[in-house]
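Novice: The structure file target-v8.txt (compact mmCIF, C-alpha atoms and all ligand atoms) is provided below.
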# COMPACT_ATOMS: atom_id res chain seq x y z
CA LYS A 115 167.95 -73.10 46.16
CA TYR A 116 166.29 -74.32 42.94
CA LYS A 117 163.16 -72.37 42.02
CA ALA A 118 161.50 -74.74 39.57
CA CYS A 119 161.20 -78.41 38.64
CA ILE A 120 160.24 -79.33 35.08
CA PHE A 121 158.94 -82.84 34.48
CA ASP A 122 158.90 -84.88 31.32
CA LEU A 123 155.55 -86.71 31.08
CA ASP A 124 156.01 -90.12 29.47
CA GLY A 125 158.37 -92.22 31.58
CA VAL A 126 158.46 -89.80 34.51
CA ILE A 127 154.86 -89.12 35.55
CA VAL A 128 153.15 -91.97 33.67
CA ASP A 129 154.13 -94.92 31.48
CA THR A 130 152.41 -94.20 28.18
CA ALA A 131 155.28 -95.90 26.28
CA VAL A 132 153.40 -99.20 26.46
CA TYR A 133 150.42 -97.64 24.62
CA HIS A 134 152.65 -95.92 22.06
CA TYR A 135 154.27 -99.33 21.45
CA LYS A 136 150.95 -101.14 20.98
CA ALA A 137 149.69 -98.53 18.51
CA TRP A 138 152.92 -98.30 16.48
CA LYS A 139 153.17 -102.11 16.45
CA ARG A 140 149.65 -102.35 15.03
CA LEU A 141 150.57 -99.90 12.28
CA ALA A 142 153.75 -101.84 11.46
CA ASN A 143 151.88 -105.16 11.48
CA GLU A 144 149.31 -103.79 9.04
CA MET A 145 152.20 -102.96 6.72
CA GLY A 146 153.57 -106.50 7.10
CA PHE A 147 156.44 -106.13 9.54
CA ASP A 148 157.11 -106.02 13.27
CA PHE A 149 159.56 -104.42 15.70
CA THR A 150 160.73 -105.29 19.18
CA GLU A 151 160.22 -103.72 22.57
CA HIS A 152 163.96 -103.06 22.53
CA GLN A 153 163.59 -101.02 19.33
CA ASN A 154 160.68 -99.21 20.99
CA GLU A 155 163.16 -97.81 23.54
CA GLN A 156 164.56 -95.64 20.74
CA LEU A 157 161.17 -93.96 20.32
CA LYS A 158 161.05 -92.58 23.86
CA GLY A 159 160.94 -88.79 23.91
CA VAL A 160 160.98 -88.73 20.08
CA SER A 161 158.19 -86.81 18.31
CA ARG A 162 155.35 -88.55 16.47
CA MET A 163 156.61 -87.94 12.93
CA ALA A 164 160.24 -88.71 13.83
CA SER A 165 159.05 -91.96 15.44
CA LEU A 166 157.22 -92.87 12.24
CA GLU A 167 160.37 -92.26 10.18
CA LEU A 168 162.37 -94.61 12.45
CA ILE A 169 159.69 -97.32 12.23
CA LEU A 170 159.40 -97.07 8.43
CA GLY A 171 163.17 -97.44 8.31
CA TRP A 172 163.03 -100.63 10.40
CA GLY A 173 160.39 -102.06 8.04
CA GLN A 174 162.39 -100.91 5.01
CA VAL A 175 159.30 -99.07 3.82
CA THR A 176 160.41 -96.54 1.23
CA GLY A 177 158.60 -94.17 -1.09
CA ALA A 178 155.70 -93.16 1.17
CA THR A 179 154.51 -89.63 0.33
CA GLU A 180 154.14 -86.92 2.99
CA THR A 181 150.35 -87.29 2.74
CA GLU A 182 150.60 -91.05 3.30
CA LYS A 183 152.90 -90.50 6.28
CA GLU A 184 150.46 -88.00 7.79
CA GLU A 185 147.67 -90.56 7.33
CA MET A 186 149.75 -93.30 9.03
CA ALA A 187 150.56 -91.05 11.99
CA THR A 188 146.92 -90.02 12.32
CA ARG A 189 145.81 -93.67 12.24
CA LYS A 190 148.33 -94.58 14.94
CA ASN A 191 147.24 -91.63 17.05
CA LEU A 192 143.58 -92.69 16.92
CA TRP A 193 144.47 -96.15 18.31
CA TYR A 194 146.72 -94.49 20.87
CA THR A 195 144.10 -91.98 22.03
CA ASP A 196 141.52 -94.79 22.29
CA MET A 197 143.85 -96.39 24.86
CA ILE A 198 144.82 -93.26 26.79
CA ASN A 199 141.16 -92.28 27.04
CA GLN A 200 140.77 -95.34 29.31
CA MET A 201 143.58 -94.24 31.65
CA THR A 202 142.85 -93.57 35.32
CA PRO A 203 144.83 -91.92 38.16
CA ASP A 204 145.91 -95.47 39.19
CA GLU A 205 148.44 -95.28 36.37
CA ILE A 206 150.39 -92.36 37.85
CA LEU A 207 153.92 -93.69 38.45
CA SER A 208 154.83 -94.39 42.07
CA GLY A 209 155.83 -91.29 44.03
CA ALA A 210 155.25 -88.86 41.15
CA GLU A 211 152.22 -87.02 42.50
CA GLU A 212 153.72 -86.91 46.00
CA PHE A 213 157.02 -85.43 44.80
CA VAL A 214 155.39 -82.76 42.62
CA GLN A 215 153.06 -81.80 45.49
CA GLY A 216 156.10 -81.70 47.80
CA CYS A 217 157.77 -79.23 45.45
CA ARG A 218 154.70 -77.00 45.50
CA ASP A 219 154.50 -77.16 49.30
CA ALA A 220 158.16 -76.07 49.43
CA GLY A 221 157.46 -73.06 47.17
CA ILE A 222 159.14 -74.62 44.12
CA LYS A 223 157.32 -74.01 40.83
CA THR A 224 156.36 -76.99 38.68
CA ALA A 225 155.96 -77.51 34.95
CA ILE A 226 155.52 -80.25 32.37
CA GLY A 227 157.96 -80.33 29.44
CA SER A 228 156.81 -83.04 27.04
CA ALA A 229 157.10 -83.85 23.34
CA SER A 230 153.55 -85.22 23.33
CA LYS A 231 150.68 -83.44 21.63
CA ASN A 232 148.38 -85.58 23.80
CA THR A 233 149.70 -84.06 27.05
CA PRO A 234 146.45 -82.18 27.93
CA ILE A 235 144.26 -85.29 27.67
CA ILE A 236 146.75 -87.48 29.57
CA LEU A 237 147.00 -84.99 32.45
CA ALA A 238 143.19 -84.69 32.52
CA LYS A 239 142.75 -88.47 32.70
CA LEU A 240 145.30 -88.66 35.53
CA GLN A 241 143.60 -85.69 37.24
CA LEU A 242 146.97 -83.93 37.54
CA THR A 243 146.45 -80.81 35.42
CA GLN A 244 146.20 -78.48 38.45
CA LEU A 245 149.47 -79.77 39.89
CA PHE A 246 151.53 -77.85 37.31
CA ASP A 247 152.07 -74.09 37.07
CA ALA A 248 152.91 -74.37 33.38
CA ILE A 249 152.47 -76.99 30.65
CA VAL A 250 154.72 -76.95 27.61
CA ASP A 251 154.11 -79.80 25.18
CA GLY A 252 154.22 -80.93 21.56
CA ASN A 253 151.51 -78.41 20.68
CA SER A 254 153.69 -75.44 21.60
CA VAL A 255 157.21 -76.46 20.59
CA SER A 256 158.67 -76.95 17.13
CA LYS A 257 162.18 -78.19 17.93
CA ALA A 258 162.47 -81.71 19.31
CA LYS A 259 164.67 -82.76 22.24
CA PRO A 260 167.74 -82.64 22.48
CA ASN A 261 166.96 -79.06 21.40
CA PRO A 262 166.34 -77.20 24.68
CA GLU A 263 163.26 -75.30 23.39
CA VAL A 264 160.66 -77.21 25.45
CA PHE A 265 162.48 -76.64 28.74
CA LEU A 266 163.46 -73.02 27.98
CA LYS A 267 159.79 -72.27 27.24
CA GLY A 268 158.89 -73.95 30.53
CA ALA A 269 161.32 -71.75 32.48
CA GLU A 270 160.02 -68.68 30.67
CA ALA A 271 156.40 -69.57 31.44
CA LEU A 272 157.32 -69.95 35.11
CA GLY A 273 159.32 -66.72 35.14
CA VAL A 274 162.42 -68.54 36.40
CA ALA A 275 166.00 -68.44 35.03
CA PRO A 276 167.12 -71.71 33.36
CA THR A 277 169.96 -72.10 35.89
CA ASP A 278 167.35 -72.19 38.67
CA CYS A 279 165.56 -75.16 37.06
CA VAL A 280 165.90 -78.92 37.49
CA VAL A 281 164.56 -81.26 34.79
CA PHE A 282 163.34 -84.83 35.38
CA GLU A 283 163.76 -86.99 32.26
CA ASP A 284 163.73 -90.66 31.26
CA ALA A 285 165.08 -90.22 27.71
CA VAL A 286 168.70 -89.66 26.68
CA ALA A 287 167.62 -86.89 24.28
CA GLY A 288 165.63 -85.28 27.11
CA VAL A 289 168.59 -85.25 29.48
CA GLU A 290 170.65 -83.65 26.71
CA ALA A 291 167.91 -81.07 26.14
CA ALA A 292 167.98 -80.14 29.84
CA LEU A 293 171.76 -79.73 29.87
CA ASN A 294 171.58 -77.75 26.60
CA ALA A 295 169.13 -75.43 28.38
CA GLY A 296 171.68 -74.86 31.16
CA MET A 297 169.57 -76.78 33.67
CA LYS A 298 170.33 -79.67 36.02
CA ALA A 299 169.07 -83.07 34.88
CA VAL A 300 167.74 -85.85 37.09
CA GLY A 301 167.58 -89.08 35.08
CA ILE A 302 164.68 -91.44 35.70
CA GLY A 303 165.77 -94.93 34.68
CA SER A 304 169.11 -96.69 34.56
CA PRO A 305 172.53 -95.02 35.12
CA GLU A 306 173.95 -97.11 32.24
CA MET A 307 171.55 -95.43 29.80
CA LEU A 308 171.39 -91.90 31.23
CA THR A 309 175.12 -91.34 31.59
CA GLU A 310 174.98 -87.54 31.21
CA ALA A 311 172.42 -86.90 33.96
CA ASP A 312 173.59 -85.20 37.16
CA VAL A 313 172.00 -88.01 39.17
CA VAL A 314 169.89 -91.03 38.17
CA VAL A 315 167.13 -92.70 40.20
CA SER A 316 164.72 -95.47 39.21
CA GLY A 317 161.64 -93.32 39.82
CA LEU A 318 160.33 -90.24 41.62
CA ASP A 319 159.54 -92.50 44.61
CA LYS A 320 163.33 -92.65 45.06
CA PHE A 321 163.92 -88.88 44.91
CA THR A 322 163.56 -86.32 47.72
CA LEU A 323 163.69 -82.56 48.19
CA ALA A 324 166.89 -83.11 50.21
CA MET A 325 168.49 -84.70 47.11
CA LEU A 326 167.36 -81.70 45.06
CA GLU A 327 169.31 -79.38 47.34
CA GLU A 328 172.46 -81.45 46.82
CA LEU A 329 172.49 -81.17 43.02
C1 LIG B 401 156.38 -88.67 24.38
C2 LIG B 401 156.89 -90.10 24.11
C3 LIG B 401 157.26 -90.37 22.66
C4 LIG B 401 156.18 -89.84 21.74
C5 LIG B 401 156.07 -88.33 21.95
C6 LIG B 401 155.02 -87.71 21.05
O1 LIG B 401 157.38 -87.84 24.84
O2 LIG B 401 158.00 -90.43 24.91
O3 LIG B 401 157.44 -91.76 22.49
O4 LIG B 401 156.46 -90.15 20.39
O5 LIG B 401 155.73 -88.06 23.30
O6 LIG B 401 153.75 -88.13 21.47
P1 LIG B 401 152.38 -87.80 20.70
O7 LIG B 401 152.28 -88.72 19.53
O8 LIG B 401 151.35 -88.07 21.79
O9 LIG B 401 152.43 -86.35 20.31
P2 LIG B 401 157.74 -87.28 26.35
O10 LIG B 401 158.50 -86.04 25.96
O11 LIG B 401 156.49 -86.98 27.17
O12 LIG B 401 158.55 -88.36 26.95
MG MG B 402 159.91 -89.31 28.42
Any chance you could put this one into structure tokens?

Specialist:
Amino acid sequence: KYKACIFDLDGVIVDTAVYHYKAWKRLANEMGFDFTEHQNEQLKGVSRMASLELILGWGQVTGATETEKEEMATRKNLWYTDMINQMTPDEILSGAEEFVQGCRDAGIKTAIGSASKNTPIILAKLQLTQLFDAIVDGNSVSKAKPNPEVFLKGAEALGVAPTDCVVFEDAVAGVEAALNAGMKAVGIGSPEMLTEADVVVSGLDKFTLAMLEEL
């Protein structure tokens, strides 16, 4: 009954959070402070500049100009892209490729809905670009999750009504964005965190087309 599945990238298809963490940590360390992996959880699904603001807050760094902030974000992104350029299809999360292919085989359209401006390069490295009928990412949206823009644009690109879409998300803000779009939300992660999702599984290896029909 659902006509499209829209997938978040980081945390659903691949775990790039570890690389984001390493690069942000390096930036923080160069400024003389550190932050924990637990704090890093708060950066999931959050845009690059909003992530930087949170990190500067943790380090009590005040007074940086917009130009300096742009320079910091660019520096972090260079370290980050150095790491993601080394990625291989081995890093695709368990069951992700199989589930997306299963959707396609069942006539369900597929899209990526990510906050990341690096989405095209990540999908290319994973050799997954062709698996998606539409790709909406940080290069084409201006309003961050929980604003529904990214998923509404995905539905529009697929030519499917929002109510016919199911979103797969690992971030709280992403689940909210899906619900704000009038879509169903499958949480990828822990039920304690993703309390608003219609159903939560630990990964796409634990989700089936039969479960999709029951949403
Ligand atoms: C991802 C990550 C975020 C990251 C954001 C922007 O979102 O979860 O941590 O800050 O993309 O990434 P970039 O700096 O590459 O533009 P998503 O929506 O794929 O989970
Ligand atoms: Mg995510």

Novice: Enumerate as a PyMOL selection string the residues within 9 Å of ligand LIG 401 (chain B), counting only C-alpha atoms and all ligand atoms.

Specialist: chain A and resi 121-131+134-135+154-166+187+190-191+194-195+226-233+251-253+258-259+283-285+288

Novice: Measure the distance from CA of Glu180 in chain A to CA of Ala142 in chain A in Å and round it to one decimal.

Specialist: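 A separation of 17.2 Å between them.
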
Novice: If I wrap all listed atoms of range 199-202 of chain A in a box with edges along x, y and z and add 4 Å on each side, what are its centre and edge lengths in Å to one decimal, as AutoDock Vina command-line options?

Specialist:
--center_x 142.2 --center_y -93.8 --center_z 31.2 --size_x 10.8 --size_y 11.1 --size_z 16.3

Novice: With a distance cut-off of 12 Å and all atoms listed in the file, select the neighbouring residues of Met325 in chain A, excluding the residue or stretch itself and same-chain residues fewer than 6 positions from it, and output the selection as a list in words.

Specialist: Lys115, Tyr116, Phe213, Val280, Val300, Asp312, Val313, Val314, Val315 and Leu318 of chain A

Novice: Give as a list in words the set of residues within 8 Å of the point (159.5, -78.4, 33.3), where distances use the file's coordinates and only C-alpha atoms.

Specialist: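 All residues meeting the 8 Å criterion around (159.5, -78.4, 33.3) are Ala118, Cys119, Ile120, Phe121, Asp122, Thr224, Ala225, Ile226, Gly227, Ala248, Ile249, Val250, Phe265, Gly268, Ala269, Cys279, Val280, Val281 and Phe282 of chain A.
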
Novice: Which residues come within 8 Å of range 172-177 of chain A, counting only C-alpha atoms, excluding same-chain residues fewer than 5 positions away, as a PyMOL selection string?

Specialist: chain A and resi 142+147-149

Novice: Can you tell me how far CA of Asp204 in chain A sits from CA of Leu240 in chain A, in Å to one decimal?

Specialist: 7.8 Å

Novice: What does the distance between CA of Gln215 in chain A and CA of Asp196 in chain A come to in Å, to one decimal place?

Specialist: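 We find that CA of Gln215 in chain A and CA of Asp196 in chain A lie 29.0 Å from each other.
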
Novice: Restricting the calculation to only C-alpha atoms, which member of A:Gly296, A:Lys320, A:Val286, A:Lys223 is positioned closest to Leu272 in chain A?

Specialist: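 Residue with the minimum atom-to-atom distance to Leu272 in chain A: A:Lys223.
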
Novice: So which one's closest to ligand MG 402 (chain B), A:Met297, A:Ala271, A:Leu266, A:Ile302? Using all atoms listed in the file, please.

Specialist: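 Checking each candidate against ligand MG 402 (chain B), we get A:Ile302 as the closest.
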
Novice: Kindly indicate which residue among A:Val214, A:Ala238, A:Leu293, A:Ala220 lies nearest to Asn199 in chain A, using all atoms listed in the file for the distances.

Specialist: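 Under the stated criterion, the closest residue is A:Ala238.
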
Novice: Out of A:Glu212, A:Ile206, A:Ala137, A:Glu151, which residue has the shortest atom-to-atom distance to Met186 in chain A when counting all atoms listed in the file?

Specialist: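 Closest to Met186 in chain A, using all atoms listed in the file: A:Ala137.
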
Novice: Since fewer atoms than expected are present, regenerate N, CA and C atoms for range 280-303 of chain A and write them as a PDB file, in the coordinates of the input.

Specialist:
ATOM      1  N   VAL A 280     165.473 -77.520  37.531  1.00  0.00           N
ATOM      2  CA  VAL A 280     165.900 -78.920  37.490  1.00  0.00           C
ATOM      3  C   VAL A 280     164.895 -79.689  36.636  1.00  0.00           C
ATOM      4  N   VAL A 281     165.419 -80.475  35.688  1.00  0.00           N
ATOM      5  CA  VAL A 281     164.560 -81.260  34.790  1.00  0.00           C
ATOM      6  C   VAL A 281     164.603 -82.735  35.189  1.00  0.00           C
ATOM      7  N   PHE A 282     163.458 -83.391  35.115  1.00  0.00           N
ATOM      8  CA  PHE A 282     163.340 -84.830  35.380  1.00  0.00           C
ATOM      9  C   PHE A 282     162.995 -85.520  34.070  1.00  0.00           C
ATOM     10  N   GLU A 283     163.863 -86.404  33.606  1.00  0.00           N
ATOM     11  CA  GLU A 283     163.760 -86.990  32.260  1.00  0.00           C
ATOM     12  C   GLU A 283     164.127 -88.469  32.235  1.00  0.00           C
ATOM     13  N   ASP A 284     163.400 -89.230  31.413  1.00  0.00           N
ATOM     14  CA  ASP A 284     163.730 -90.660  31.260  1.00  0.00           C
ATOM     15  C   ASP A 284     164.439 -90.954  29.939  1.00  0.00           C
ATOM     16  N   ALA A 285     164.481 -89.971  29.025  1.00  0.00           N
ATOM     17  CA  ALA A 285     165.080 -90.220  27.710  1.00  0.00           C
ATOM     18  C   ALA A 285     166.448 -89.558  27.588  1.00  0.00           C
ATOM     19  N   VAL A 286     167.351 -90.211  26.892  1.00  0.00           N
ATOM     20  CA  VAL A 286     168.700 -89.660  26.680  1.00  0.00           C
ATOM     21  C   VAL A 286     168.600 -88.281  26.031  1.00  0.00           C
ATOM     22  N   ALA A 287     167.762 -88.170  24.985  1.00  0.00           N
ATOM     23  CA  ALA A 287     167.620 -86.890  24.280  1.00  0.00           C
ATOM     24  C   ALA A 287     167.049 -85.808  25.216  1.00  0.00           C
ATOM     25  N   GLY A 288     166.220 -86.220  26.165  1.00  0.00           N
ATOM     26  CA  GLY A 288     165.630 -85.280  27.110  1.00  0.00           C
ATOM     27  C   GLY A 288     166.644 -84.766  28.111  1.00  0.00           C
ATOM     28  N   VAL A 289     167.512 -85.661  28.577  1.00  0.00           N
ATOM     29  CA  VAL A 289     168.590 -85.250  29.480  1.00  0.00           C
ATOM     30  C   VAL A 289     169.502 -84.259  28.760  1.00  0.00           C
ATOM     31  N   GLU A 290     169.819 -84.563  27.508  1.00  0.00           N
ATOM     32  CA  GLU A 290     170.650 -83.650  26.710  1.00  0.00           C
ATOM     33  C   GLU A 290     169.978 -82.291  26.541  1.00  0.00           C
ATOM     34  N   ALA A 291     168.667 -82.312  26.306  1.00  0.00           N
ATOM     35  CA  ALA A 291     167.910 -81.070  26.140  1.00  0.00           C
ATOM     36  C   ALA A 291     168.002 -80.216  27.401  1.00  0.00           C
ATOM     37  N   ALA A 292     167.892 -80.857  28.555  1.00  0.00           N
ATOM     38  CA  ALA A 292     167.980 -80.140  29.840  1.00  0.00           C
ATOM     39  C   ALA A 292     169.342 -79.487  29.990  1.00  0.00           C
ATOM     40  N   LEU A 293     170.392 -80.265  29.726  1.00  0.00           N
ATOM     41  CA  LEU A 293     171.760 -79.730  29.870  1.00  0.00           C
ATOM     42  C   LEU A 293     171.994 -78.620  28.844  1.00  0.00           C
ATOM     43  N   ASN A 294     171.460 -78.797  27.630  1.00  0.00           N
ATOM     44  CA  ASN A 294     171.580 -77.750  26.600  1.00  0.00           C
ATOM     45  C   ASN A 294     170.871 -76.467  27.014  1.00  0.00           C
ATOM     46  N   ALA A 295     169.863 -76.599  27.881  1.00  0.00           N
ATOM     47  CA  ALA A 295     169.130 -75.430  28.380  1.00  0.00           C
ATOM     48  C   ALA A 295     169.861 -74.763  29.540  1.00  0.00           C
ATOM     49  N   GLY A 296     170.947 -75.392  30.016  1.00  0.00           N
ATOM     50  CA  GLY A 296     171.680 -74.860  31.160  1.00  0.00           C
ATOM     51  C   GLY A 296     171.051 -75.244  32.486  1.00  0.00           C
ATOM     52  N   MET A 297     170.260 -76.303  32.465  1.00  0.00           N
ATOM     53  CA  MET A 297     169.570 -76.780  33.670  1.00  0.00           C
ATOM     54  C   MET A 297     170.235 -78.038  34.212  1.00  0.00           C
ATOM     55  N   LYS A 298     169.900 -78.385  35.463  1.00  0.00           N
ATOM     56  CA  LYS A 298     170.330 -79.670  36.020  1.00  0.00           C
ATOM     57  C   LYS A 298     169.391 -80.746  35.492  1.00  0.00           C
ATOM     58  N   ALA A 299     169.896 -81.977  35.389  1.00  0.00           N
ATOM     59  CA  ALA A 299     169.070 -83.070  34.880  1.00  0.00           C
ATOM     60  C   ALA A 299     169.081 -84.251  35.840  1.00  0.00           C
ATOM     61  N   VAL A 300     167.893 -84.631  36.301  1.00  0.00           N
ATOM     62  CA  VAL A 300     167.740 -85.850  37.090  1.00  0.00           C
ATOM     63  C   VAL A 300     167.222 -86.924  36.136  1.00  0.00           C
ATOM     64  N   GLY A 301     167.985 -87.985  35.966  1.00  0.00           N
ATOM     65  CA  GLY A 301     167.580 -89.080  35.080  1.00  0.00           C
ATOM     66  C   GLY A 301     166.648 -90.026  35.821  1.00  0.00           C
ATOM     67  N   ILE A 302     165.598 -90.444  35.136  1.00  0.00           N
ATOM     68  CA  ILE A 302     164.680 -91.440  35.700  1.00  0.00           C
ATOM     69  C   ILE A 302     164.859 -92.696  34.862  1.00  0.00           C
ATOM     70  N   GLY A 303     165.482 -93.716  35.442  1.00  0.00           N
ATOM     71  CA  GLY A 303     165.770 -94.930  34.680  1.00  0.00           C
ATOM     72  C   GLY A 303     167.067 -95.543  35.142  1.00  0.00           C
TER      73      GLY A 303
END
